[in-house]
>>> print(open('work.txt').read())   # compact mmCIF, C-alpha atoms
# COMPACT_ATOMS: atom_id res chain seq x y z
CA MET A 273 35.71 -76.93 -6.14
CA ASN A 274 35.10 -73.43 -7.52
CA GLU A 275 36.39 -70.10 -6.23
CA LYS A 276 33.07 -69.15 -4.64
CA ASP A 277 33.24 -72.20 -2.38
CA VAL A 278 36.05 -70.56 -0.40
CA LEU A 279 33.50 -67.96 0.72
CA SER A 280 31.46 -70.75 2.32
CA THR A 281 34.29 -72.29 4.33
CA PRO A 282 34.20 -72.18 8.13
CA GLY A 283 37.32 -70.03 8.16
CA HIS A 284 35.77 -67.32 5.98
CA LEU A 285 32.40 -67.41 7.74
CA ILE A 286 34.02 -67.23 11.19
CA SER A 287 36.11 -64.31 9.99
CA LEU A 288 32.97 -62.49 8.82
CA ALA A 289 31.23 -63.21 12.12
CA GLY A 290 34.29 -62.02 14.05
CA ARG A 291 34.40 -58.76 12.13
CA GLY A 292 30.67 -58.30 12.69
CA PHE A 293 31.04 -58.84 16.44
CA ALA A 294 34.02 -56.48 16.51
CA ARG A 295 32.06 -53.70 14.74
CA LEU A 296 29.08 -54.16 17.06
CA SER A 297 31.22 -54.25 20.19
CA GLU A 298 33.38 -51.30 19.13
CA ALA A 299 30.31 -49.13 18.50
CA ARG A 300 28.83 -50.01 21.87
CA LEU A 301 32.05 -49.76 23.90
CA LYS A 302 33.25 -46.46 22.42
CA PRO A 303 30.80 -44.31 24.42
CA LEU A 304 32.20 -45.96 27.58
CA GLY A 305 35.75 -45.04 26.60
CA PHE A 306 36.82 -48.60 25.77
CA GLY A 307 37.89 -50.34 22.57
CA VAL A 308 37.20 -53.93 21.61
CA GLY A 309 40.93 -54.65 21.32
CA GLN A 310 41.35 -53.71 24.97
CA LEU A 311 38.90 -56.36 26.19
CA PRO A 312 41.44 -59.01 27.22
CA VAL A 313 43.39 -56.46 29.28
CA LEU A 314 40.24 -55.02 30.84
CA VAL A 315 38.92 -58.46 31.77
CA ALA A 316 42.29 -59.61 33.12
CA LEU A 317 42.63 -56.54 35.33
CA GLN A 318 39.05 -56.17 36.55
CA ASN A 319 38.15 -56.61 40.21
CA GLY A 320 41.45 -55.19 41.39
CA ASN A 321 43.70 -57.72 39.65
CA ILE A 322 47.25 -56.58 38.96
CA SER A 323 49.45 -58.02 36.23
CA SER A 324 52.64 -57.56 34.24
CA GLN A 325 52.85 -56.65 30.57
CA ARG A 326 54.29 -60.09 29.80
CA ASP A 327 51.41 -61.90 31.50
CA LEU A 328 48.84 -59.66 29.83
CA ALA A 329 50.37 -60.34 26.40
CA ARG A 330 50.20 -64.07 27.03
CA PHE A 331 46.63 -63.87 28.34
CA ALA A 332 45.56 -61.82 25.29
CA ARG A 333 47.43 -64.16 22.91
CA THR A 334 49.46 -61.34 21.44
CA GLU A 335 53.10 -60.37 21.16
CA GLN A 336 54.81 -57.97 23.57
CA PRO A 337 55.30 -55.00 21.15
CA PRO A 338 51.59 -54.62 20.28
CA MET A 339 50.71 -55.10 23.95
CA ALA A 340 53.19 -52.38 24.94
CA GLN A 341 51.60 -50.00 22.41
CA MET A 342 48.08 -50.77 23.61
CA LEU A 343 49.06 -50.34 27.26
CA ALA A 344 50.66 -46.97 26.44
CA ARG A 345 47.41 -45.81 24.81
CA MET A 346 45.35 -47.17 27.72
CA GLU A 347 47.59 -45.33 30.19
CA ARG A 348 47.29 -42.13 28.13
CA ASP A 349 43.49 -42.53 28.14
CA GLY A 350 43.37 -43.00 31.91
CA LEU A 351 42.30 -46.67 31.83
CA ILE A 352 45.35 -48.23 33.50
CA ARG A 353 48.09 -47.19 35.87
CA ARG A 354 51.57 -48.59 36.25
CA THR A 355 53.45 -48.93 39.50
CA PRO A 356 57.00 -50.22 39.97
CA ASP A 357 57.23 -53.95 40.63
CA PRO A 358 58.85 -54.26 44.09
CA ASP A 359 60.35 -57.64 43.10
CA ASP A 360 61.75 -56.55 39.71
CA GLY A 361 62.87 -52.98 39.16
CA ARG A 362 62.72 -53.44 35.38
CA SER A 363 59.01 -54.29 35.39
CA SER A 364 55.78 -52.52 36.20
CA ARG A 365 52.63 -53.78 37.82
CA ILE A 366 49.58 -52.80 35.80
CA SER A 367 46.09 -52.24 37.18
CA LEU A 368 42.86 -50.55 36.11
CA THR A 369 42.18 -47.02 37.24
CA THR A 370 39.19 -46.40 39.48
CA ALA A 371 37.39 -44.74 36.56
CA ALA A 372 37.91 -47.73 34.25
CA GLU A 373 36.91 -50.20 36.97
CA ALA A 374 33.69 -48.23 37.56
CA ARG A 375 32.72 -48.50 33.87
CA MET A 376 33.43 -52.24 33.57
CA PRO A 377 30.01 -53.53 34.73
CA GLU A 378 28.23 -51.45 32.07
CA ALA A 379 30.73 -52.56 29.41
CA ILE A 380 30.26 -56.22 30.28
CA ALA A 381 26.46 -55.88 30.29
CA THR A 382 26.69 -54.15 26.89
CA LEU A 383 28.76 -56.99 25.45
CA PHE A 384 26.44 -59.68 26.81
CA GLU A 385 23.46 -57.83 25.31
CA GLY A 386 25.19 -57.74 21.92
CA ASN A 387 25.81 -61.47 22.12
CA ARG A 388 22.17 -62.12 23.04
CA GLU A 389 21.04 -60.06 20.06
CA ALA A 390 23.47 -61.78 17.69
CA LEU A 391 22.28 -65.20 18.85
CA GLN A 392 18.60 -64.35 18.49
CA GLY A 393 16.75 -67.42 17.25
CA PHE A 394 19.36 -69.82 18.66
CA THR A 395 18.25 -72.13 21.43
CA GLU A 396 20.34 -72.15 24.61
CA THR A 397 21.63 -75.59 23.61
CA GLU A 398 22.65 -74.32 20.16
CA ALA A 399 24.45 -71.32 21.66
CA GLU A 400 26.34 -73.60 24.08
CA GLN A 401 27.17 -76.01 21.25
CA LEU A 402 28.47 -73.14 19.08
CA THR A 403 30.66 -71.91 21.94
CA GLY A 404 32.05 -75.40 22.52
CA LEU A 405 32.76 -75.91 18.83
CA LEU A 406 34.52 -72.56 18.57
CA ARG A 407 36.69 -73.35 21.61
CA ARG A 408 37.70 -76.67 20.04
CA LEU A 409 38.49 -74.89 16.77
CA ILE A 410 40.64 -72.31 18.58
CA ASP A 411 42.48 -75.11 20.43
CA ASN A 412 43.15 -76.83 17.08
CA LEU A 413 44.42 -73.60 15.53
CA ASP A 414 46.67 -72.93 18.54
CA ARG A 415 48.04 -76.48 18.33
CA ILE A 416 48.75 -76.14 14.60
CA ALA A 417 50.49 -72.81 15.15
CA GLY A 418 52.41 -74.15 18.15
CA ALA A 419 50.93 -71.43 20.34
CA GLU A 420 51.02 -71.64 24.11
CA PRO A 421 47.63 -71.62 25.82
CA PRO A 422 46.81 -68.24 27.36
CA ALA A 423 47.89 -67.64 30.93
CA THR A 424 45.17 -67.61 33.52
CA MET A 425 45.10 -64.37 35.40
CA PRO A 426 45.40 -64.46 39.19
CA GLU A 427 42.34 -63.83 41.28
CA GLY A 428 42.20 -60.35 42.80
>>> encode(input="work.txt", output="structure tokens")
Amino acid sequence: MNEKDVLSTPGHLISLAGRGFARLSEARLKPLGFGVGQLPVLVALQNGNISSQRDLARFARTEQPPMAQMLARMERDGLIRRTPDPDDGRSSRISLTTAAEARMPEAIATLFEGNREALQGFTETEAEQLTGLLRRLIDNLDRIAGAEPPATMPEG
């Protein structure tokens, strides 16, 4: 096996595709005031859902310190608001602001359009197969790393 073969491995190709999707999504979300890294939080909190920082970190598959930093930036940018948790004085309940909630439908439509464009030339069956294969791959990687599956967010 030569060194160039590593550039043809699934891991490298998926990484390239991920970076490509991130660049595309970032460029399209920026005019709406969102960043691609905020997507898990935005999706978890849409439709009036309220969550804790701990649950958001688990849902986004990230550690608490980076989640705390992102939430601080999102609060500064007027995307989320924190209210005291009536059951735990040490915690906050986090929700989207009205302004962020109002921009979510356009953001979601923008992301779906980007996915449609990126999958141009794929049949519906191929796109579904790719999604299924990627989910299995992610499950395998989580299992290898000993990661917990992401929390499911409560319905609003």
>>> atom_distance(input="work.txt", atom1="atom CA of A:Ile366", atom2="atom CA of A:Ser324")
5.9 Å
>>> atom_distance(input="work.txt", atom1="atom CA of A:Leu314", atom2="atom CA of A:Arg295")
18.1 Å
>>> atom_distance(input="work.txt", atom1="atom CA of A:Asp357", atom2="atom CA of A:Leu328")
14.8 Å
>>> residues_around(input="work.txt", residues="stretch 374-381 of chain A", least_positions_apart="4", cutoff="7 Å", atoms="all atoms listed in the file", output="list in words")
Leu301, Leu304, Thr370 and Glu385 of chain A
>>> write_last_selection(input="work.txt", atoms="C-alpha atoms", output="CSV table (one decimal), keeping the file's coordinate frame")
chain,number,residue,atom,x,y,z
A,301,LEU,CA,32.0,-49.8,23.9
A,304,LEU,CA,32.2,-46.0,27.6
A,370,THR,CA,39.2,-46.4,39.5
A,385,GLU,CA,23.5,-57.8,25.3
>>> closest_residue(input="work.txt", among="A:Leu285, A:Leu406, A:Leu383, A:Leu413", to="A:Glu298", atoms="only C-alpha atoms")
A:Leu383
>>> closest_residue(input="work.txt", among="A:Arg365, A:Arg415, A:Asn387, A:Leu405", to="A:Gly292", atoms="all atoms listed in the file")
A:Asn387
>>> residues_around(input="work.txt", residues="A:Gly320", least_positions_apart="3", cutoff="10 Å", atoms="only C-alpha atoms", output="list of chain:residue names")
A:Ala316, A:Leu317, A:Ser323, A:Ser367, A:Leu368, A:Thr369, A:Thr370, A:Glu373, A:Glu427, A:Gly428
>>> residues_near_point(input="work.txt", point="(23.8, -55.6, 20.5)", cutoff="10 Å", atoms="all atoms listed in the file", output="ChimeraX atom specification")
/A:293,296-297,299-300,382-391
>>> axis_aligned_box(input="work.txt", around="stretch 277-281 of chain A", padding_each_side="3 Å", output="lines of an AutoDock Vina configuration file")
center_x = 33.8
center_y = -70.1
center_z = 1.0
size_x = 10.6
size_y = 10.3
size_z = 12.7
>>> closest_residue(input="work.txt", among="A:Leu279, A:Thr397, A:Pro312, A:Gln325", to="A:Gln341", atoms="only C-alpha atoms")
A:Gln325
>>> build_atoms(input="work.txt", residues="stretch 369-404 of chain A", atoms="N, CA and C atoms", output="mmCIF file, keeping the file's coordinate frame")
data_model
loop_
_atom_site.group_PDB
_atom_site.id
_atom_site.type_symbol
_atom_site.label_atom_id
_atom_site.label_comp_id
_atom_site.auth_asym_id
_atom_site.auth_seq_id
_atom_site.Cartn_x
_atom_site.Cartn_y
_atom_site.Cartn_z
ATOM 1 N N THR A 369 42.460 -48.207 36.429
ATOM 2 C CA THR A 369 42.180 -47.020 37.240
ATOM 3 C C THR A 369 40.790 -47.177 37.853
ATOM 4 N N THR A 370 40.514 -46.379 38.847
ATOM 5 C CA THR A 370 39.190 -46.400 39.480
ATOM 6 C C THR A 370 38.104 -46.083 38.465
ATOM 7 N N ALA A 371 38.379 -45.124 37.578
ATOM 8 C CA ALA A 371 37.390 -44.740 36.560
ATOM 9 C C ALA A 371 37.085 -45.895 35.611
ATOM 10 N N ALA A 372 38.117 -46.597 35.160
ATOM 11 C CA ALA A 372 37.910 -47.730 34.250
ATOM 12 C C ALA A 372 37.170 -48.863 34.968
ATOM 13 N N GLU A 373 37.572 -49.137 36.196
ATOM 14 C CA GLU A 373 36.910 -50.200 36.970
ATOM 15 C C GLU A 373 35.428 -49.891 37.149
ATOM 16 N N ALA A 374 35.092 -48.626 37.355
ATOM 17 C CA ALA A 374 33.690 -48.230 37.560
ATOM 18 C C ALA A 374 32.852 -48.436 36.302
ATOM 19 N N ARG A 375 33.469 -48.339 35.124
ATOM 20 C CA ARG A 375 32.720 -48.500 33.870
ATOM 21 C C ARG A 375 32.632 -49.949 33.401
ATOM 22 N N MET A 376 33.399 -50.840 34.009
ATOM 23 C CA MET A 376 33.430 -52.240 33.570
ATOM 24 C C MET A 376 32.077 -52.950 33.644
ATOM 25 N N PRO A 377 31.295 -52.819 34.711
ATOM 26 C CA PRO A 377 30.010 -53.530 34.730
ATOM 27 C C PRO A 377 29.104 -53.156 33.555
ATOM 28 N N GLU A 378 29.059 -51.870 33.205
ATOM 29 C CA GLU A 378 28.230 -51.450 32.070
ATOM 30 C C GLU A 378 28.789 -52.005 30.763
ATOM 31 N N ALA A 379 30.108 -52.021 30.622
ATOM 32 C CA ALA A 379 30.730 -52.560 29.410
ATOM 33 C C ALA A 379 30.418 -54.044 29.252
ATOM 34 N N ILE A 380 30.530 -54.784 30.333
ATOM 35 C CA ILE A 380 30.260 -56.220 30.280
ATOM 36 C C ILE A 380 28.792 -56.476 29.954
ATOM 37 N N ALA A 381 27.896 -55.728 30.580
ATOM 38 C CA ALA A 381 26.460 -55.880 30.290
ATOM 39 C C ALA A 381 26.184 -55.558 28.816
ATOM 40 N N THR A 382 26.849 -54.541 28.289
ATOM 41 C CA THR A 382 26.690 -54.150 26.890
ATOM 42 C C THR A 382 27.129 -55.281 25.962
ATOM 43 N N LEU A 383 28.257 -55.900 26.282
ATOM 44 C CA LEU A 383 28.760 -56.990 25.450
ATOM 45 C C LEU A 383 27.849 -58.218 25.508
ATOM 46 N N PHE A 384 27.364 -58.553 26.698
ATOM 47 C CA PHE A 384 26.440 -59.680 26.810
ATOM 48 C C PHE A 384 25.158 -59.413 26.027
ATOM 49 N N GLU A 385 24.670 -58.183 26.073
ATOM 50 C CA GLU A 385 23.460 -57.830 25.310
ATOM 51 C C GLU A 385 23.709 -58.005 23.824
ATOM 52 N N GLY A 386 24.855 -57.566 23.333
ATOM 53 C CA GLY A 386 25.190 -57.740 21.920
ATOM 54 C C GLY A 386 25.231 -59.208 21.525
ATOM 55 N N ASN A 387 25.785 -60.042 22.395
ATOM 56 C CA ASN A 387 25.810 -61.470 22.120
ATOM 57 C C ASN A 387 24.412 -62.064 22.092
ATOM 58 N N ARG A 388 23.560 -61.631 23.030
ATOM 59 C CA ARG A 388 22.170 -62.120 23.040
ATOM 60 C C ARG A 388 21.474 -61.739 21.744
ATOM 61 N N GLU A 389 21.671 -60.509 21.308
ATOM 62 C CA GLU A 389 21.040 -60.060 20.060
ATOM 63 C C GLU A 389 21.563 -60.836 18.858
ATOM 64 N N ALA A 390 22.870 -61.064 18.814
ATOM 65 C CA ALA A 390 23.470 -61.780 17.690
ATOM 66 C C ALA A 390 23.013 -63.239 17.644
ATOM 67 N N LEU A 391 22.700 -63.803 18.788
ATOM 68 C CA LEU A 391 22.280 -65.200 18.850
ATOM 69 C C LEU A 391 20.760 -65.351 18.892
ATOM 70 N N GLN A 392 20.063 -64.295 18.532
ATOM 71 C CA GLN A 392 18.600 -64.350 18.490
ATOM 72 C C GLN A 392 18.172 -65.488 17.564
ATOM 73 N N GLY A 393 17.233 -66.286 18.028
ATOM 74 C CA GLY A 393 16.750 -67.420 17.250
ATOM 75 C C GLY A 393 17.503 -68.708 17.537
ATOM 76 N N PHE A 394 18.625 -68.624 18.251
ATOM 77 C CA PHE A 394 19.360 -69.820 18.660
ATOM 78 C C PHE A 394 18.761 -70.299 19.985
ATOM 79 N N THR A 395 18.644 -71.608 20.131
ATOM 80 C CA THR A 395 18.250 -72.130 21.430
ATOM 81 C C THR A 395 19.466 -72.039 22.359
ATOM 82 N N GLU A 396 19.232 -72.167 23.650
ATOM 83 C CA GLU A 396 20.340 -72.150 24.610
ATOM 84 C C GLU A 396 21.319 -73.277 24.305
ATOM 85 N N THR A 397 20.785 -74.436 23.952
ATOM 86 C CA THR A 397 21.630 -75.590 23.610
ATOM 87 C C THR A 397 22.474 -75.286 22.378
ATOM 88 N N GLU A 398 21.885 -74.668 21.360
ATOM 89 C CA GLU A 398 22.650 -74.320 20.160
ATOM 90 C C GLU A 398 23.750 -73.312 20.464
ATOM 91 N N ALA A 399 23.438 -72.326 21.295
ATOM 92 C CA ALA A 399 24.450 -71.320 21.660
ATOM 93 C C ALA A 399 25.596 -71.978 22.413
ATOM 94 N N GLU A 400 25.299 -72.880 23.342
ATOM 95 C CA GLU A 400 26.340 -73.600 24.080
ATOM 96 C C GLU A 400 27.150 -74.487 23.151
ATOM 97 N N GLN A 401 26.472 -75.145 22.207
ATOM 98 C CA GLN A 401 27.170 -76.010 21.250
ATOM 99 C C GLN A 401 28.101 -75.167 20.375
ATOM 100 N N LEU A 402 27.642 -74.027 19.897
ATOM 101 C CA LEU A 402 28.470 -73.140 19.080
ATOM 102 C C LEU A 402 29.710 -72.714 19.858
ATOM 103 N N THR A 403 29.535 -72.327 21.111
ATOM 104 C CA THR A 403 30.660 -71.910 21.940
ATOM 105 C C THR A 403 31.655 -73.053 22.107
ATOM 106 N N GLY A 404 31.168 -74.234 22.371
ATOM 107 C CA GLY A 404 32.050 -75.400 22.520
ATOM 108 C C GLY A 404 32.803 -75.714 21.237
#
